[in-house]
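Okay, structure first, notes after.
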Amino acid sequence: DEVQLWKERYKRYDKITFISQVKHDQVPLYQKAADLLYHGISRETPTWWCCSPLKIFEYMASGVPVISTRIGS
């Protein structure tokens, strides 16, 4: 459902691809194939103040540019 929500929201941009869940061992392949990786969080996210930044470090390990916010823990 969430993938469909984002696809609908950004349907005017034909170069964005939203992918549903993939097997854990395939995640690095998708990350390395991406032009950039996005980690979005805002103060509207209920857990913004205690979210772990581990996803960002995982993204950084891929060597692909990362776009992220500066809020959260």
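Here, A, B, ... name the chains of the structure tokens in the order displayed, residue numbers run from 1 inside each chain, and ligands are numbered from 1 in the same displayed order.
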
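Scanning stretch 9-71 of chain A with DSSP on the backbone, the alpha helix (DSSP H) assignments fall on Arg9, Val27, Pro28, Leu29, Tyr30, Gln31, Lys32, Ala33, Leu54, Lys55, Ile56, Phe57, Glu58, Tyr59, Met60 and Ala61 of chain A.
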
File dump, residues just selected, C-alpha atoms, as a CSV table (one decimal), in the first residue's frame:
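Dumped everything to selection18.csv:
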chain,number,residue,atom,x,y,z
A,9,ARG,CA,2.3,11.1,-5.2
A,27,VAL,CA,19.2,-5.1,-1.1
A,28,PRO,CA,22.9,-4.2,-1.7
A,29,LEU,CA,22.4,-4.9,-5.5
A,30,TYR,CA,19.5,-2.4,-5.6
A,31,GLN,CA,21.4,0.2,-3.6
A,32,LYS,CA,24.5,0.0,-5.8
A,33,ALA,CA,22.3,0.2,-9.0
A,54,LEU,CA,21.7,3.0,10.9
A,55,LYS,CA,19.9,3.1,7.6
A,56,ILE,CA,22.0,6.1,6.6
A,57,PHE,CA,25.2,4.3,7.4
A,58,GLU,CA,24.0,1.3,5.3
A,59,TYR,CA,23.3,3.7,2.5
A,60,MET,CA,26.8,5.3,2.8
A,61,ALA,CA,28.5,1.9,2.7

Exercise: A:Ser68 partners within 8 Å, only C-alpha atoms, chain neighbours under 4 positions left out, as a ChimeraX atom specification: /A:38-41,56

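Here the question is which of A:Cys51, A:Ser42, A:Lys7, A:Val22 gets nearest to A:Thr69 using only C-alpha atoms, and that residue is A:Ser42.
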
Residues of chain A in strand (DSSP E) according to DSSP, as an NGL selection string? :A and (37-39 or 66-68)

Quick one: residues within 12 Å of A:Thr17, only C-alpha atoms, excluding same-chain residues fewer than 4 positions away - as a ChimeraX atom specification? /A:3-4,6-8,10-13,30,33-38

Would you save the residues of that selection, restricted to N, CA, C and O atoms, as an mmCIF file, in the first residue's frame?
data_model
loop_
_atom_site.group_PDB
_atom_site.id
_atom_site.type_symbol
_atom_site.label_atom_id
_atom_site.label_comp_id
_atom_site.auth_asym_id
_atom_site.auth_seq_id
_atom_site.Cartn_x
_atom_site.Cartn_y
_atom_site.Cartn_z
ATOM 1 N N VAL A 3 3.924 1.648 -1.146
ATOM 2 C CA VAL A 3 4.558 1.835 -2.450
ATOM 3 C C VAL A 3 3.573 2.518 -3.402
ATOM 4 O O VAL A 3 3.932 3.456 -4.119
ATOM 5 N N GLN A 4 2.334 2.077 -3.399
ATOM 6 C CA GLN A 4 1.316 2.684 -4.259
ATOM 7 C C GLN A 4 1.080 4.150 -3.900
ATOM 8 O O GLN A 4 0.910 4.994 -4.776
ATOM 9 N N TRP A 6 3.258 6.301 -2.668
ATOM 10 C CA TRP A 6 4.370 7.102 -3.173
ATOM 11 C C TRP A 6 4.383 7.164 -4.694
ATOM 12 O O TRP A 6 4.712 8.189 -5.277
ATOM 13 N N LYS A 7 4.032 6.062 -5.346
ATOM 14 C CA LYS A 7 3.939 6.076 -6.806
ATOM 15 C C LYS A 7 2.918 7.103 -7.267
ATOM 16 O O LYS A 7 3.152 7.848 -8.222
ATOM 17 N N GLU A 8 1.790 7.144 -6.611
ATOM 18 C CA GLU A 8 0.739 8.096 -6.968
ATOM 19 C C GLU A 8 1.192 9.528 -6.710
ATOM 20 O O GLU A 8 0.961 10.423 -7.519
ATOM 21 N N TYR A 10 4.144 10.797 -6.742
ATOM 22 C CA TYR A 10 5.219 11.258 -7.626
ATOM 23 C C TYR A 10 5.057 10.761 -9.065
ATOM 24 O O TYR A 10 6.029 10.639 -9.797
ATOM 25 N N LYS A 11 3.842 10.514 -9.501
ATOM 26 C CA LYS A 11 3.603 9.957 -10.827
ATOM 27 C C LYS A 11 4.039 10.887 -11.959
ATOM 28 O O LYS A 11 4.337 10.433 -13.045
ATOM 29 N N ARG A 12 4.136 12.171 -11.685
ATOM 30 C CA ARG A 12 4.563 13.097 -12.739
ATOM 31 C C ARG A 12 6.068 12.984 -13.040
ATOM 32 O O ARG A 12 6.535 13.501 -14.041
ATOM 33 N N TYR A 13 6.811 12.316 -12.164
ATOM 34 C CA TYR A 13 8.246 12.112 -12.380
ATOM 35 C C TYR A 13 8.462 10.694 -12.900
ATOM 36 O O TYR A 13 8.337 9.731 -12.162
ATOM 37 N N TYR A 30 20.378 -3.548 -5.264
ATOM 38 C CA TYR A 30 19.486 -2.433 -5.582
ATOM 39 C C TYR A 30 20.125 -1.100 -5.187
ATOM 40 O O TYR A 30 20.033 -0.115 -5.912
ATOM 41 N N ALA A 33 22.827 -0.095 -7.628
ATOM 42 C CA ALA A 33 22.292 0.226 -8.954
ATOM 43 C C ALA A 33 21.596 1.586 -8.985
ATOM 44 O O ALA A 33 21.338 2.119 -10.062
ATOM 45 N N ALA A 34 21.313 2.149 -7.824
ATOM 46 C CA ALA A 34 20.577 3.417 -7.753
ATOM 47 C C ALA A 34 21.476 4.603 -8.096
ATOM 48 O O ALA A 34 22.689 4.567 -7.887
ATOM 49 N N ASP A 35 20.847 5.662 -8.602
ATOM 50 C CA ASP A 35 21.567 6.914 -8.839
ATOM 51 C C ASP A 35 21.768 7.665 -7.529
ATOM 52 O O ASP A 35 22.754 8.373 -7.352
ATOM 53 N N LEU A 36 20.813 7.536 -6.627
ATOM 54 C CA LEU A 36 20.929 8.115 -5.291
ATOM 55 C C LEU A 36 19.999 7.358 -4.358
ATOM 56 O O LEU A 36 19.072 6.683 -4.795
ATOM 57 N N LEU A 37 20.272 7.471 -3.070
ATOM 58 C CA LEU A 37 19.449 6.826 -2.047
ATOM 59 C C LEU A 37 18.854 7.921 -1.160
ATOM 60 O O LEU A 37 19.538 8.880 -0.815
ATOM 61 N N TYR A 38 17.602 7.762 -0.820
ATOM 62 C CA TYR A 38 16.879 8.786 -0.072
ATOM 63 C C TYR A 38 16.436 8.251 1.278
ATOM 64 O O TYR A 38 15.845 7.178 1.375
#
